[in-house]
Amino acid sequence: MNIEIEKLRKQLPEWVKSSVPHSSAGKVASYIPELAKASHDALGITLLNTKGEFASAGNFEMCFTMQSISKVYTLILALMDNGEDKVFSKVGMEPTGDNFNSMLKLELVRPGIPFNPFINAGAIMVSSLIHGSSQQEKSERILQFFKELANNNNLKHDEDVFHSELESGHLNRSIAYFLKGNGVLDGDVEEVLQIYFCHCSILVNCADLARMALVLACDGTDPLTGKELIPHRVVQIAKTFMTTCGMYNASGEFAIQVGLPAKSGVSGGILALVPGRYGIGVIGPSLNDKGNSQAGIELLEKISQEMKWSIF
Ligand code: GLN
């Protein structure tokens, strides 16, 4: 067995244990009522290497919805469906320094064009670019793509979280209508929102995230099946956004403290990768004031610093 995986298996339980207390500093997301049911102190992680060897610890078997982590893969699918020119005529490439659901910069620079595909405005725009003849077909294509990437045919939507967000997503609804009003969002707004809420509500565990991240770590090819799932250039774009915008307005600090491409979600999930070597899935539902997992970041800082994994 790989020496590094052996070290990780030995150290992980201790690192998880010492990171859990940090969750008490944060809060579980409640603006989507269904998310508030998650356990405050849960923390789990799975790391998967290119040989298929795992290291897991804590509540790694817990299921949670992908939320904003899904934005990485809908961007990828939109790029594969439409090409770079079309996608980047609708969404920018720059970090905002604002909260994930901020509308502040939507009127700046190119009016109505979201700054990047990972803030909610940009991700809603990306959802509108997914090909398919109906809202159901588009959502089904996204789920099918995620199943392939996670190598897990059992992935499904969490209907309760989906409906909870559909009913309470007033801010996202106003963002989508704003984009429509500016003439930059095509199609029926409510249909686009359903596609967006649908992919945010896909249920995963840490192993699913680790496998999906491993495909990006290996430039688009699943090293365990040998299948090329994403073109190299598209992976390069996704990983760059993960580095510059993946943790929203905490991306700079995360780059300094952890130094790995990553993407967070409000359910407390974090997907990260070590290029060419590991896919990583983390869950820790208690969030800091930037909407990222409080204990999850603490844990990734420890691991990356101990293993000297920063890409910088
Ligand atoms: N579904 C969530 C929302 O739109 C995703 C946000 C997030 O995970 N940061 O608010």
# chains A, B, ... in the order shown; residues from 1 in each chain; ligands from 1
>>> closest_atom_pairs(of="chain A", to="ligand 1", cutoff="7 Å", atoms="only C-alpha atoms and all ligand atoms", output="Markdown table")
| residue | atom | partner | partner_atom_place_in_ligand_line | distance |
| --- | --- | --- | --- | --- |
| A:Gln67 | CA | ligand 1 | 8 (O) | 4.2 |
| A:Ser68 | CA | ligand 1 | 8 (O) | 3.6 |
| A:Ile69 | CA | ligand 1 | 8 (O) | 6.7 |
| A:Phe100 | CA | ligand 1 | 9 (N) | 5.8 |
| A:Asn101 | CA | ligand 1 | 10 (O) | 6.6 |
| A:Asn120 | CA | ligand 1 | 4 (O) | 5.8 |
| A:Glu165 | CA | ligand 1 | 1 (N) | 7.0 |
| A:Asn172 | CA | ligand 1 | 4 (O) | 6.1 |
| A:Phe197 | CA | ligand 1 | 1 (N) | 6.0 |
| A:Cys200 | CA | ligand 1 | 1 (N) | 5.1 |
| A:Ser264 | CA | ligand 1 | 8 (O) | 6.7 |
| A:Gly265 | CA | ligand 1 | 8 (O) | 3.5 |
| A:Val266 | CA | ligand 1 | 8 (O) | 3.8 |
| A:Ser267 | CA | ligand 1 | 8 (O) | 6.5 |
| A:Gly291 | CA | ligand 1 | 9 (N) | 6.3 |
>>> residues_around(residues="stretch 185-188 of chain A", least_positions_apart="4", cutoff="8 Å", atoms="only C-alpha atoms", output="count of residues only")
6
>>> closest_atom_pairs(of="stretch 98-215 of chain A", to="stretch 75-87 of chain A", cutoff="12 Å", atoms="only C-alpha atoms", output="CSV")
residue,atom,partner,partner_atom,distance
A:Ile113,CA,A:Val87,CA,11.0
A:Pro114,CA,A:Val87,CA,11.4
A:Asn116,CA,A:Leu75,CA,10.4
A:Pro117,CA,A:Leu75,CA,6.9
A:Phe118,CA,A:Leu75,CA,8.6
A:Ile119,CA,A:Leu75,CA,11.8
A:Gly122,CA,A:Leu75,CA,9.5
A:Ala123,CA,A:Leu75,CA,7.6
A:Ile124,CA,A:Leu75,CA,10.2
A:Met125,CA,A:Val87,CA,9.1
A:Val126,CA,A:Leu75,CA,6.1
A:Ser127,CA,A:Ala78,CA,7.7
A:Ser128,CA,A:Ala78,CA,8.8
A:Leu129,CA,A:Ala78,CA,5.8
A:Ile130,CA,A:Ala78,CA,5.2
A:His131,CA,A:Asp81,CA,6.4
A:Gly132,CA,A:Asp81,CA,9.9
A:Lys138,CA,A:Leu77,CA,10.6
A:Ser139,CA,A:Leu77,CA,11.6
A:Arg141,CA,A:Leu77,CA,9.2
A:Ile142,CA,A:Leu77,CA,7.6
A:Leu143,CA,A:Leu77,CA,11.0
A:Gln144,CA,A:Leu77,CA,11.0
A:Phe145,CA,A:Leu77,CA,8.0
A:Phe146,CA,A:Leu77,CA,9.8
A:Leu149,CA,A:Leu77,CA,11.5
A:Val184,CA,A:Val87,CA,11.6
A:Leu185,CA,A:Val87,CA,11.7
A:Tyr196,CA,A:Leu75,CA,11.6
A:His199,CA,A:Leu75,CA,11.6
>>> select_by_dssp(residues="stretch 153-259 of chain A", states="alpha helix (DSSP H)", output="PyMOL selection string")
chain A and resi 159-168+170-181+189-200+206-217+232-245+251-257
>>> closest_residue(among="A:Ile195, A:Ala36, A:Ile270, A:Leu214", to="A:Gln136", atoms="only C-alpha atoms")
A:Ile195
>>> closest_residue(among="A:Arg233, A:Lys105, A:Lys227, A:Lys290", to="A:Met247", atoms="only C-alpha atoms")
A:Lys290
>>> residues_around(residues="A:Asp160", least_positions_apart="4", cutoff="9 Å", atoms="only C-alpha atoms", output="list in words")
Glu34, Ser164, Glu165 and Ser201 of chain A
>>> write_last_selection(atoms="N, CA and C atoms", output="PDB file, in the first residue's frame")
ATOM      1  N   GLU A  34     -34.885  23.227   5.167  1.00  0.00           N
ATOM      2  CA  GLU A  34     -34.584  21.796   5.263  1.00  0.00           C
ATOM      3  C   GLU A  34     -33.114  21.538   5.655  1.00  0.00           C
ATOM      4  N   SER A 164     -37.937  22.620  -0.468  1.00  0.00           N
ATOM      5  CA  SER A 164     -37.661  23.642   0.543  1.00  0.00           C
ATOM      6  C   SER A 164     -37.031  24.870  -0.127  1.00  0.00           C
ATOM      7  N   GLU A 165     -36.091  24.629  -1.039  1.00  0.00           N
ATOM      8  CA  GLU A 165     -35.425  25.757  -1.694  1.00  0.00           C
ATOM      9  C   GLU A 165     -36.328  26.410  -2.744  1.00  0.00           C
ATOM     10  N   SER A 201     -29.673  20.061  -5.197  1.00  0.00           N
ATOM     11  CA  SER A 201     -30.256  19.100  -4.244  1.00  0.00           C
ATOM     12  C   SER A 201     -29.812  17.660  -4.491  1.00  0.00           C
TER      13      SER A 201
END
